[in-house]
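Colleague: Pasting final_19.cif here (mmCIF, C-alpha atoms and all ligand atoms):
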```
data_model
loop_
_atom_site.group_PDB
_atom_site.id
_atom_site.type_symbol
_atom_site.label_atom_id
_atom_site.label_comp_id
_atom_site.auth_asym_id
_atom_site.auth_seq_id
_atom_site.Cartn_x
_atom_site.Cartn_y
_atom_site.Cartn_z
ATOM 1 C CA MET H 22 0.000 0.000 0.000
ATOM 2 C CA LYS H 23 1.275 3.471 -0.823
ATOM 3 C CA THR H 24 0.762 6.586 1.258
ATOM 4 C CA GLU H 25 0.192 9.968 -0.370
ATOM 5 C CA ASP H 26 3.883 10.710 -0.620
ATOM 6 C CA GLY H 27 4.570 7.357 -2.229
ATOM 7 C CA ASN H 28 6.062 5.511 0.732
ATOM 8 C CA THR H 29 5.177 1.914 1.242
ATOM 9 C CA ASN H 30 3.125 1.423 4.356
ATOM 10 C CA THR H 31 1.379 -1.747 5.263
ATOM 11 C CA LYS H 32 -0.109 -0.798 8.627
ATOM 12 C CA LYS H 33 -3.025 1.522 7.941
ATOM 13 C CA PRO H 34 -4.708 3.101 4.933
ATOM 14 C CA ALA H 35 -3.386 6.545 4.008
ATOM 15 C CA SER H 36 -6.747 8.144 4.772
ATOM 16 C CA ALA H 37 -6.522 6.989 8.405
ATOM 17 C CA LYS H 38 -3.070 8.523 8.795
ATOM 18 C CA LYS H 39 -3.837 12.002 7.579
ATOM 19 C CA ASP H 40 -4.206 14.390 10.523
ATOM 20 C CA GLU H 41 -4.301 11.419 12.859
ATOM 21 C CA VAL H 42 -3.709 12.441 16.478
ATOM 22 C CA VAL H 43 -1.117 10.139 18.043
ATOM 23 C CA ILE H 44 -0.925 11.791 21.470
ATOM 24 C CA HIS H 45 -3.856 13.624 23.019
ATOM 25 C CA ALA H 46 -3.525 15.440 26.344
ATOM 26 C CA LYS H 47 -6.297 17.473 27.921
ATOM 27 C CA GLY H 48 -6.123 19.227 31.273
ATOM 28 C CA LEU H 49 -3.240 17.000 32.360
ATOM 29 C CA LYS H 50 -2.225 17.396 36.024
ATOM 30 C CA LYS H 51 0.668 15.962 37.993
ATOM 31 C CA GLY H 52 2.055 16.937 41.365
ATOM 32 C CA PHE H 53 4.516 15.608 43.890
ATOM 33 C CA GLY H 54 3.350 16.064 47.467
ATOM 34 C CA GLU H 55 2.311 19.687 47.867
ATOM 35 C CA LYS H 56 3.976 20.729 44.644
ATOM 36 C CA GLU H 57 1.811 21.024 41.534
ATOM 37 C CA VAL H 58 4.122 20.524 38.573
ATOM 38 C CA LEU H 59 1.711 20.021 35.663
ATOM 39 C CA LYS H 60 -1.376 22.167 36.207
ATOM 40 C CA ASN H 61 -3.220 22.077 32.924
ATOM 41 C CA ILE H 62 -1.444 20.607 29.916
ATOM 42 C CA THR H 63 -3.477 20.349 26.731
ATOM 43 C CA PHE H 64 -2.130 19.443 23.284
ATOM 44 C CA ASP H 65 -2.561 17.107 20.323
ATOM 45 C CA LEU H 66 0.443 15.659 18.541
ATOM 46 C CA LYS H 67 -0.333 14.677 14.973
ATOM 47 C CA ARG H 68 1.284 11.936 12.938
ATOM 48 C CA SER H 69 4.607 13.004 11.371
ATOM 49 C CA GLU H 70 4.615 16.249 13.321
ATOM 50 C CA ASN H 71 7.589 17.682 15.219
ATOM 51 C CA MET H 72 6.388 19.592 18.288
ATOM 52 C CA VAL H 73 9.029 21.480 20.246
ATOM 53 C CA VAL H 74 8.487 22.246 23.941
ATOM 54 C CA LEU H 75 10.320 25.269 25.324
ATOM 55 C CA GLY H 76 10.282 25.942 29.034
ATOM 56 C CA ARG H 77 12.450 27.024 31.903
ATOM 57 C CA SER H 78 14.312 24.481 33.990
ATOM 58 C CA GLY H 79 11.929 22.793 36.422
ATOM 59 C CA SER H 80 8.789 23.806 34.500
ATOM 60 C CA GLY H 81 7.716 20.154 34.075
ATOM 61 C CA LYS H 82 8.881 19.259 30.565
ATOM 62 C CA SER H 83 10.473 15.944 31.489
ATOM 63 C CA VAL H 84 7.557 15.094 33.798
ATOM 64 C CA THR H 85 5.195 15.498 30.826
ATOM 65 C CA ILE H 86 7.052 12.984 28.702
ATOM 66 C CA GLN H 87 7.431 10.600 31.632
ATOM 67 C CA CYS H 88 3.623 10.624 31.870
ATOM 68 C CA ILE H 89 3.375 9.843 28.140
ATOM 69 C CA VAL H 90 5.450 6.672 28.459
ATOM 70 C CA GLY H 91 3.650 5.671 31.664
ATOM 71 C CA MET H 92 6.685 6.108 33.948
ATOM 72 C CA LEU H 93 4.600 8.586 35.956
ATOM 73 C CA LYS H 94 0.858 8.464 36.527
ATOM 74 C CA PRO H 95 -1.031 11.749 36.043
ATOM 75 C CA ASP H 96 -3.244 12.951 38.912
ATOM 76 C CA GLY H 97 -5.944 14.184 36.550
ATOM 77 C CA GLY H 98 -6.931 15.027 32.980
ATOM 78 C CA ASP H 99 -6.897 12.881 29.848
ATOM 79 C CA LEU H 100 -3.847 11.352 28.239
ATOM 80 C CA THR H 101 -4.185 8.972 25.329
ATOM 81 C CA VAL H 102 -1.507 7.588 23.035
ATOM 82 C CA PHE H 103 -2.772 6.004 19.802
ATOM 83 C CA GLY H 104 -6.233 6.455 21.305
ATOM 84 C CA GLU H 105 -5.469 4.365 24.413
ATOM 85 C CA ASN H 106 -5.565 5.703 27.955
ATOM 86 C CA VAL H 107 -1.997 5.363 29.284
ATOM 87 C CA ALA H 108 -2.953 5.521 32.969
ATOM 88 C CA GLY H 109 -5.260 2.520 32.506
ATOM 89 C CA MET H 110 -2.606 0.270 30.949
ATOM 90 C CA ASN H 111 -1.261 -2.824 32.675
ATOM 91 C CA ASP H 112 2.449 -3.760 32.597
ATOM 92 C CA ASN H 113 2.128 -5.749 29.414
ATOM 93 C CA GLU H 114 0.241 -2.990 27.612
ATOM 94 C CA LEU H 115 2.839 -0.456 28.756
ATOM 95 C CA LYS H 116 5.581 -2.699 27.403
ATOM 96 C CA GLN H 117 3.827 -2.848 24.030
ATOM 97 C CA LEU H 118 3.343 0.931 24.070
ATOM 98 C CA ARG H 119 7.031 1.542 24.793
ATOM 99 C CA ILE H 120 8.016 -0.456 21.717
ATOM 100 C CA LYS H 121 6.183 2.157 19.663
ATOM 101 C CA ILE H 122 7.716 5.105 21.529
ATOM 102 C CA GLY H 123 11.405 5.911 21.283
ATOM 103 C CA PHE H 124 12.693 7.860 24.234
ATOM 104 C CA LEU H 125 16.007 9.697 23.990
ATOM 105 C CA PHE H 126 16.802 10.359 27.633
ATOM 106 C CA GLN H 127 18.326 13.601 28.811
ATOM 107 C CA SER H 128 21.456 11.569 29.692
ATOM 108 C CA GLY H 129 21.307 9.355 26.542
ATOM 109 C CA ALA H 130 22.742 6.279 28.315
ATOM 110 C CA LEU H 131 24.667 3.706 26.266
ATOM 111 C CA TYR H 132 26.101 0.417 27.515
ATOM 112 C CA ASP H 133 29.777 1.279 28.024
ATOM 113 C CA SER H 134 31.081 -2.269 27.813
ATOM 114 C CA MET H 135 29.354 -2.950 24.491
ATOM 115 C CA THR H 136 30.534 -1.855 21.063
ATOM 116 C CA VAL H 137 28.335 0.391 18.945
ATOM 117 C CA ARG H 138 27.130 -2.679 17.021
ATOM 118 C CA GLU H 139 26.251 -4.510 20.251
ATOM 119 C CA ASN H 140 24.461 -1.447 21.617
ATOM 120 C CA LEU H 141 22.360 -1.338 18.454
ATOM 121 C CA GLU H 142 21.693 -5.079 18.353
ATOM 122 C CA PHE H 143 20.468 -5.091 21.933
ATOM 123 C CA PRO H 144 16.963 -3.632 21.340
ATOM 124 C CA LEU H 145 16.533 -5.813 18.253
ATOM 125 C CA THR H 146 17.271 -9.071 20.044
ATOM 126 C CA ARG H 147 15.880 -8.157 23.485
ATOM 127 C CA VAL H 148 12.884 -6.007 22.635
ATOM 128 C CA LEU H 149 11.813 -7.080 19.149
ATOM 129 C CA LYS H 150 13.186 -10.645 19.662
ATOM 130 C CA ILE H 151 14.574 -10.760 16.135
ATOM 131 C CA LYS H 152 16.689 -13.874 15.555
ATOM 132 C CA ASP H 153 17.606 -13.548 11.874
ATOM 133 C CA GLN H 154 21.201 -12.253 11.872
ATOM 134 C CA ALA H 155 20.947 -10.974 8.274
ATOM 135 C CA ASP H 156 17.920 -8.854 9.261
ATOM 136 C CA ILE H 157 19.804 -7.559 12.322
ATOM 137 C CA ASP H 158 22.897 -6.682 10.264
ATOM 138 C CA GLN H 159 20.771 -4.872 7.686
ATOM 139 C CA ARG H 160 18.978 -2.783 10.323
ATOM 140 C CA VAL H 161 22.252 -1.890 12.051
ATOM 141 C CA GLU H 162 23.744 -0.839 8.726
ATOM 142 C CA ASP H 163 20.678 1.228 7.733
ATOM 143 C CA VAL H 164 20.451 3.127 10.981
ATOM 144 C CA LEU H 165 24.204 3.770 11.245
ATOM 145 C CA ASP H 166 24.174 5.041 7.702
ATOM 146 C CA GLY H 167 21.282 7.325 8.693
ATOM 147 C CA VAL H 168 23.247 8.892 11.527
ATOM 148 C CA GLY H 169 26.512 8.927 9.551
ATOM 149 C CA LEU H 170 28.451 6.582 11.816
ATOM 150 C CA MET H 171 29.258 3.511 9.722
ATOM 151 C CA ASP H 172 32.950 3.786 10.624
ATOM 152 C CA ALA H 173 32.266 3.583 14.350
ATOM 153 C CA VAL H 174 30.442 0.245 14.325
ATOM 154 C CA ASP H 175 33.125 -1.686 16.241
ATOM 155 C CA LYS H 176 34.103 1.089 18.645
ATOM 156 C CA LEU H 177 33.246 1.358 22.331
ATOM 157 C CA PRO H 178 31.248 4.391 23.549
ATOM 158 C CA SER H 179 34.333 5.572 25.466
ATOM 159 C CA ASP H 180 36.187 5.928 22.136
ATOM 160 C CA LEU H 181 33.548 8.315 20.790
ATOM 161 C CA SER H 182 33.011 12.060 21.171
ATOM 162 C CA GLY H 183 29.914 13.418 22.965
ATOM 163 C CA GLY H 184 28.237 14.173 19.654
ATOM 164 C CA MET H 185 28.943 10.688 18.310
ATOM 165 C CA ARG H 186 27.554 9.116 21.490
ATOM 166 C CA LYS H 187 24.356 11.151 21.047
ATOM 167 C CA ARG H 188 24.134 9.852 17.500
ATOM 168 C CA VAL H 189 24.542 6.264 18.658
ATOM 169 C CA GLY H 190 21.869 6.862 21.319
ATOM 170 C CA LEU H 191 19.603 8.206 18.615
ATOM 171 C CA ALA H 192 20.393 5.269 16.318
ATOM 172 C CA ARG H 193 19.662 2.797 19.113
ATOM 173 C CA THR H 194 16.287 4.405 19.709
ATOM 174 C CA LEU H 195 15.435 4.609 16.014
ATOM 175 C CA ILE H 196 16.475 1.067 15.145
ATOM 176 C CA VAL H 197 13.158 -0.355 16.380
ATOM 177 C CA LYS H 198 11.384 2.179 14.112
ATOM 178 C CA PRO H 199 9.244 3.846 16.779
ATOM 179 C CA GLU H 200 6.132 5.675 15.631
ATOM 180 C CA ILE H 201 6.667 8.382 18.241
ATOM 181 C CA MET H 202 9.987 9.858 19.363
ATOM 182 C CA LEU H 203 10.428 11.800 22.588
ATOM 183 C CA TYR H 204 13.652 13.792 22.664
ATOM 184 C CA ASP H 205 14.597 15.217 26.046
ATOM 185 C CA GLU H 206 17.164 17.959 25.391
ATOM 186 C CA PRO H 207 18.930 16.205 22.532
ATOM 187 C CA THR H 208 21.589 18.896 22.028
ATOM 188 C CA THR H 209 22.415 19.874 25.602
ATOM 189 C CA GLY H 210 26.130 19.814 26.326
ATOM 190 C CA LEU H 211 27.148 19.751 22.675
ATOM 191 C CA ASP H 212 29.051 22.436 20.788
ATOM 192 C CA PRO H 213 27.044 24.557 18.294
ATOM 193 C CA ILE H 214 28.205 22.659 15.206
ATOM 194 C CA THR H 215 27.442 19.238 16.671
ATOM 195 C CA SER H 216 24.126 20.555 18.016
ATOM 196 C CA ARG H 217 23.162 21.675 14.559
ATOM 197 C CA GLU H 218 24.118 18.267 13.133
ATOM 198 C CA ILE H 219 21.933 16.498 15.717
ATOM 199 C CA SER H 220 19.038 18.892 14.991
ATOM 200 C CA GLU H 221 19.331 18.218 11.270
ATOM 201 C CA LEU H 222 19.455 14.521 11.980
ATOM 202 C CA ILE H 223 16.196 14.778 13.960
ATOM 203 C CA LEU H 224 14.624 16.499 10.973
ATOM 204 C CA ASN H 225 15.963 13.856 8.567
ATOM 205 C CA MET H 226 14.667 11.071 10.783
ATOM 206 C CA GLN H 227 11.201 12.662 10.738
ATOM 207 C CA LYS H 228 11.294 12.725 6.952
ATOM 208 C CA LYS H 229 12.752 9.233 6.568
ATOM 209 C CA TYR H 230 10.635 7.359 9.120
ATOM 210 C CA LYS H 231 7.546 9.667 9.281
ATOM 211 C CA THR H 232 7.940 9.727 13.041
ATOM 212 C CA SER H 233 5.863 11.999 15.267
ATOM 213 C CA SER H 234 8.107 13.722 17.808
ATOM 214 C CA ILE H 235 8.128 15.831 20.913
ATOM 215 C CA ILE H 236 11.420 17.663 21.226
ATOM 216 C CA ILE H 237 12.199 19.296 24.550
ATOM 217 C CA THR H 238 14.948 21.841 24.206
ATOM 218 C CA HIS H 239 16.451 25.110 25.403
ATOM 219 C CA ASP H 240 18.383 25.334 22.162
ATOM 220 C CA MET H 241 16.626 27.838 19.889
ATOM 221 C CA GLU H 242 18.629 26.750 16.859
ATOM 222 C CA CYS H 243 17.376 23.197 17.450
ATOM 223 C CA ALA H 244 13.822 24.567 17.759
ATOM 224 C CA ARG H 245 14.193 26.575 14.554
ATOM 225 C CA ILE H 246 15.526 23.613 12.587
ATOM 226 C CA THR H 247 13.203 20.885 13.850
ATOM 227 C CA ALA H 248 9.853 22.456 14.817
ATOM 228 C CA ASP H 249 6.653 22.297 12.832
ATOM 229 C CA ARG H 250 5.091 23.839 15.922
ATOM 230 C CA ILE H 251 6.430 25.174 19.215
ATOM 231 C CA VAL H 252 4.686 25.296 22.589
ATOM 232 C CA VAL H 253 6.047 27.357 25.460
ATOM 233 C CA MET H 254 5.616 25.930 28.929
ATOM 234 C CA GLU H 255 5.552 28.023 32.071
ATOM 235 C CA ASP H 256 4.524 27.065 35.555
ATOM 236 C CA GLY H 257 2.768 23.825 34.568
ATOM 237 C CA GLU H 258 0.852 25.186 31.568
ATOM 238 C CA TYR H 259 1.397 25.939 27.903
ATOM 239 C CA ILE H 260 1.247 29.704 27.575
ATOM 240 C CA ALA H 261 1.956 30.104 23.858
ATOM 241 C CA GLU H 262 1.877 28.079 20.687
ATOM 242 C CA GLY H 263 2.896 28.736 17.092
ATOM 243 C CA SER H 264 5.576 28.299 14.459
ATOM 244 C CA TYR H 265 9.091 29.596 15.131
ATOM 245 C CA LYS H 266 8.373 32.660 12.998
ATOM 246 C CA GLU H 267 5.059 33.363 14.720
ATOM 247 C CA LEU H 268 6.504 33.097 18.218
ATOM 248 C CA GLN H 269 9.487 35.207 17.248
ATOM 249 C CA LYS H 270 7.048 38.124 16.892
ATOM 250 C CA SER H 271 5.282 37.448 20.197
ATOM 251 C CA ASP H 272 4.865 40.255 22.741
ATOM 252 C CA ASN H 273 4.730 37.821 25.636
ATOM 253 C CA LYS H 274 7.628 38.453 28.021
ATOM 254 C CA ILE H 275 8.407 34.785 28.638
ATOM 255 C CA VAL H 276 8.255 33.870 24.958
ATOM 256 C CA LYS H 277 10.486 36.835 24.157
ATOM 257 C CA SER H 278 13.033 35.711 26.730
ATOM 258 C CA PHE H 279 13.712 32.527 24.725
ATOM 259 C CA PHE H 280 14.216 34.415 21.497
ATOM 260 C CA SER H 281 16.276 37.225 23.009
ATOM 261 C CA GLU H 282 19.130 34.786 23.646
ATOM 262 C CA THR H 283 19.468 34.255 19.901
ATOM 263 C CA ILE H 284 20.028 36.704 17.117
HETATM 264 N N1 LIG U 301 9.897 11.786 40.552
HETATM 265 C C1 LIG U 301 9.802 13.007 41.083
HETATM 266 N N2 LIG U 301 9.524 13.184 42.394
HETATM 267 C C2 LIG U 301 9.387 14.414 42.939
HETATM 268 N N3 LIG U 301 9.543 15.559 42.249
HETATM 269 C C3 LIG U 301 9.832 15.454 40.950
HETATM 270 C C4 LIG U 301 9.976 14.184 40.292
HETATM 271 N N4 LIG U 301 10.250 14.403 38.983
HETATM 272 C C5 LIG U 301 10.270 15.739 38.828
HETATM 273 N N5 LIG U 301 10.027 16.375 39.997
HETATM 274 C C6 LIG U 301 9.957 17.834 40.167
HETATM 275 O O1 LIG U 301 9.093 18.350 39.195
HETATM 276 C C7 LIG U 301 9.562 19.613 38.712
HETATM 277 C C8 LIG U 301 9.658 19.571 37.200
HETATM 278 O O2 LIG U 301 10.666 18.664 36.826
HETATM 279 P P1 LIG U 301 11.070 18.351 35.323
HETATM 280 O O3 LIG U 301 12.191 17.375 35.397
HETATM 281 O O4 LIG U 301 9.889 17.987 34.539
HETATM 282 O O5 LIG U 301 11.616 19.768 34.840
HETATM 283 P P2 LIG U 301 12.131 20.174 33.397
HETATM 284 O O6 LIG U 301 11.198 21.187 32.858
HETATM 285 O O7 LIG U 301 12.364 18.945 32.596
HETATM 286 O O8 LIG U 301 13.512 20.885 33.761
HETATM 287 P P3 LIG U 301 14.964 20.802 33.046
HETATM 288 O O9 LIG U 301 14.900 21.798 31.929
HETATM 289 O O10 LIG U 301 15.888 21.250 34.113
HETATM 290 O O11 LIG U 301 15.210 19.406 32.601
HETATM 291 C C9 LIG U 301 10.879 19.866 39.419
HETATM 292 O O12 LIG U 301 10.634 20.743 40.483
HETATM 293 C C10 LIG U 301 11.287 18.508 39.922
HETATM 294 O O13 LIG U 301 12.032 18.630 41.109
HETATM 295 MG MG MG U 302 14.055 17.947 31.962
#
```
Give the structure from the file, written as structure tokens.
Modeller:
Amino acid sequence: MKTEDGNTNTKKPASAKKDEVVIHAKGLKKGFGEKEVLKNITFDLKRSENMVVLGRSGSGKSVTIQCIVGMLKPDGGDLTVFGENVAGMNDNELKQLRIKIGFLFQSGALYDSMTVRENLEFPLTRVLKIKDQADIDQRVEDVLDGVGLMDAVDKLPSDLSGGMRKRVGLARTLIVKPEIMLYDEPTTGLDPITSREISELILNMQKKYKTSSIIITHDMECARITADRIVVMEDGEYIAEGSYKELQKSDNKIVKSFFSETI
């Protein structure tokens, strides 16, 4: 079956994919003890869309994505992923959900004692339970080619630069072909050139795999490159939404503060 842009897709008819909402959040709330972290989070993420979340440190960005993968349980509001209520899922359903969601952690942990190849094979053999070595080799090759790291296949993470390790982390997440990607500060700690490369890679991955993504970042260049839409989070709520160009013109003080750091 072919989708509108000519890609082969065997899962669903093209008509079902167009404008399909993959994550729906309405009035989401989450607190810890006395502290209300998420007060009222409402958004829809559409298929193949890159949504960037900007917000000050501690505003609840990581908590939001931890709710999406079911690591944290919301206190109130609606949260559905592929139409299913995450809070109502049992362990097995959560496991199935997490196969469809790639999560690039803020720390991007790799297994230090494993080579790049072994790090990439791990989710294929352990999560997808693939046994065919030719299939495994092909997937490793494809994804490493995608992130431009074919030469590093037999290296250990300790032999790689920070930017290369991020790429391997990204490759390891993408190798299972997740339908949704959650990037938690993918460029933090990288120099501007490497950051730009990672941002462009995120964009390429969206185009190549038609992934829907939430990208949490403080890096405005990353937001500019990757975002179809940006939401600005402040004190547990989204206070502004728009394209990079639209928000650049905003009069809101908080929105302005993100853009004033860049020229
Ligand atoms: N498991 C937890 N238990 C208690 N408090 C938590 C927990 N996780 C997060 N918090 C608190 O929730 C608030 C929001 O945290 P969160 O990690 O979502 O911030 P953030 O927006 O991702 O910030 P940063 O940009 O620094 O990563 C913080 O005050 C944090 O201390
Ligand atoms: Mg965070």
Colleague: Could you list, as a PyMOL selection string, all the residues within 8 Å of ligand LIG 301 (chain U), counting all atoms listed in the file?
Modeller: chain H and resi 52-54+56+58+76-85+93+127+205-206+238-239
Colleague: Take the residues from that selection and put them in a file with C-alpha atoms, as a PDB file, keeping the file's coordinate frame.
Modeller:
```pdb
ATOM      1  CA  GLY H  52       2.055  16.937  41.365  1.00  0.00           C
ATOM      2  CA  PHE H  53       4.516  15.608  43.890  1.00  0.00           C
ATOM      3  CA  GLY H  54       3.350  16.064  47.467  1.00  0.00           C
ATOM      4  CA  LYS H  56       3.976  20.729  44.644  1.00  0.00           C
ATOM      5  CA  VAL H  58       4.122  20.524  38.573  1.00  0.00           C
ATOM      6  CA  GLY H  76      10.282  25.942  29.034  1.00  0.00           C
ATOM      7  CA  ARG H  77      12.450  27.024  31.903  1.00  0.00           C
ATOM      8  CA  SER H  78      14.312  24.481  33.990  1.00  0.00           C
ATOM      9  CA  GLY H  79      11.929  22.793  36.422  1.00  0.00           C
ATOM     10  CA  SER H  80       8.789  23.806  34.500  1.00  0.00           C
ATOM     11  CA  GLY H  81       7.716  20.154  34.075  1.00  0.00           C
ATOM     12  CA  LYS H  82       8.881  19.259  30.565  1.00  0.00           C
ATOM     13  CA  SER H  83      10.473  15.944  31.489  1.00  0.00           C
ATOM     14  CA  VAL H  84       7.557  15.094  33.798  1.00  0.00           C
ATOM     15  CA  THR H  85       5.195  15.498  30.826  1.00  0.00           C
ATOM     16  CA  LEU H  93       4.600   8.586  35.956  1.00  0.00           C
ATOM     17  CA  GLN H 127      18.326  13.601  28.811  1.00  0.00           C
ATOM     18  CA  ASP H 205      14.597  15.217  26.046  1.00  0.00           C
ATOM     19  CA  GLU H 206      17.164  17.959  25.391  1.00  0.00           C
ATOM     20  CA  THR H 238      14.948  21.841  24.206  1.00  0.00           C
ATOM     21  CA  HIS H 239      16.451  25.110  25.403  1.00  0.00           C
TER      22      HIS H 239
END
```
Colleague: In file coordinates, which residues lie within 8 Å of (3.7, 7.0, 28.6) using only C-alpha atoms, given as an mmCIF file with C-alpha atoms, keeping the file's coordinate frame?
Modeller:
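After the write, out.cif holds the following:
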```cif
data_model
loop_
_atom_site.group_PDB
_atom_site.id
_atom_site.type_symbol
_atom_site.label_atom_id
_atom_site.label_comp_id
_atom_site.auth_asym_id
_atom_site.auth_seq_id
_atom_site.Cartn_x
_atom_site.Cartn_y
_atom_site.Cartn_z
ATOM 1 C CA ILE H 86 7.052 12.984 28.702
ATOM 2 C CA GLN H 87 7.431 10.600 31.632
ATOM 3 C CA CYS H 88 3.623 10.624 31.870
ATOM 4 C CA ILE H 89 3.375 9.843 28.140
ATOM 5 C CA VAL H 90 5.450 6.672 28.459
ATOM 6 C CA GLY H 91 3.650 5.671 31.664
ATOM 7 C CA MET H 92 6.685 6.108 33.948
ATOM 8 C CA LEU H 93 4.600 8.586 35.956
ATOM 9 C CA VAL H 102 -1.507 7.588 23.035
ATOM 10 C CA VAL H 107 -1.997 5.363 29.284
ATOM 11 C CA LEU H 115 2.839 -0.456 28.756
ATOM 12 C CA LEU H 118 3.343 0.931 24.070
ATOM 13 C CA ARG H 119 7.031 1.542 24.793
#
```
Colleague: Go through the shown structure with the PyMOL selection byres (((chain H and resi 99) around 7) and not hetatm) and write out the matching residues as a list in words.
Modeller: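 Taken on the displayed file, the PyMOL selection byres (((chain H and resi 99) around 7) and not hetatm) yields the residues Ala46, Lys47, Gly48, Leu49, Gly97, Gly98, Leu100 and Thr101 of chain H.
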Colleague: Keeping only C-alpha atoms, write the selected residues to a file as a PDB file, keeping the file's coordinate frame.
Modeller:
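Final output, saved to out.pdb:
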```
ATOM      1  CA  ALA H  46      -3.525  15.440  26.344  1.00  0.00           C
ATOM      2  CA  LYS H  47      -6.297  17.473  27.921  1.00  0.00           C
ATOM      3  CA  GLY H  48      -6.123  19.227  31.273  1.00  0.00           C
ATOM      4  CA  LEU H  49      -3.240  17.000  32.360  1.00  0.00           C
ATOM      5  CA  GLY H  97      -5.944  14.184  36.550  1.00  0.00           C
ATOM      6  CA  GLY H  98      -6.931  15.027  32.980  1.00  0.00           C
ATOM      7  CA  LEU H 100      -3.847  11.352  28.239  1.00  0.00           C
ATOM      8  CA  THR H 101      -4.185   8.972  25.329  1.00  0.00           C
TER       9      THR H 101
END
```
Colleague: Mind giving me the straight-line distance from CA of Lys50 (chain H) to CA of Lys67 (chain H) in Å, one decimal?
Modeller: 21.3 Å
Colleague: Can you pull out every residue within 8 Å of Leu203 (chain H), counting all atoms listed in the file, but drop anything in the same chain fewer than 6 positions away, and send it as a PyMOL selection string?
Modeller: chain H and resi 86+122-125+234-237
Colleague: Between CA of Tyr265 (chain H) and CA of Glu242 (chain H), what is the distance in Å, rounded to a tenth?
Modeller: 10.1 Å
Colleague: Quick check on the file I pasted: which residues fall under the PyMOL selection byres (((chain H and resi 201) around 6) and not hetatm)? Write them as JSON, numbers by chain.
Modeller: {"H": [122, 199, 200, 202, 232, 233, 234]}
Colleague: Evaluate the PyMOL selection byres (((chain H and resi 215-223) around 8) and not hetatm) and record the selected residues as a PyMOL selection string, following the chain and residue labels used in the document.
Modeller: chain H and resi 168+184+187-188+207-209+211-214+224-227+242-243+246-247
Colleague: For Glu142 (chain H), find every residue with an atom within 12 Å (counting all atoms listed in the file), except residues of its own chain fewer than 3 positions away, and show them as a PyMOL selection string.
Modeller: chain H and resi 132+135-139+145-162+164-165+174+189+192-197
Colleague: At what distance in Å, to one decimal, does CA of Leu131 (chain H) lie from CA of Gly190 (chain H)?
Modeller: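 The value is 6.5 Å.
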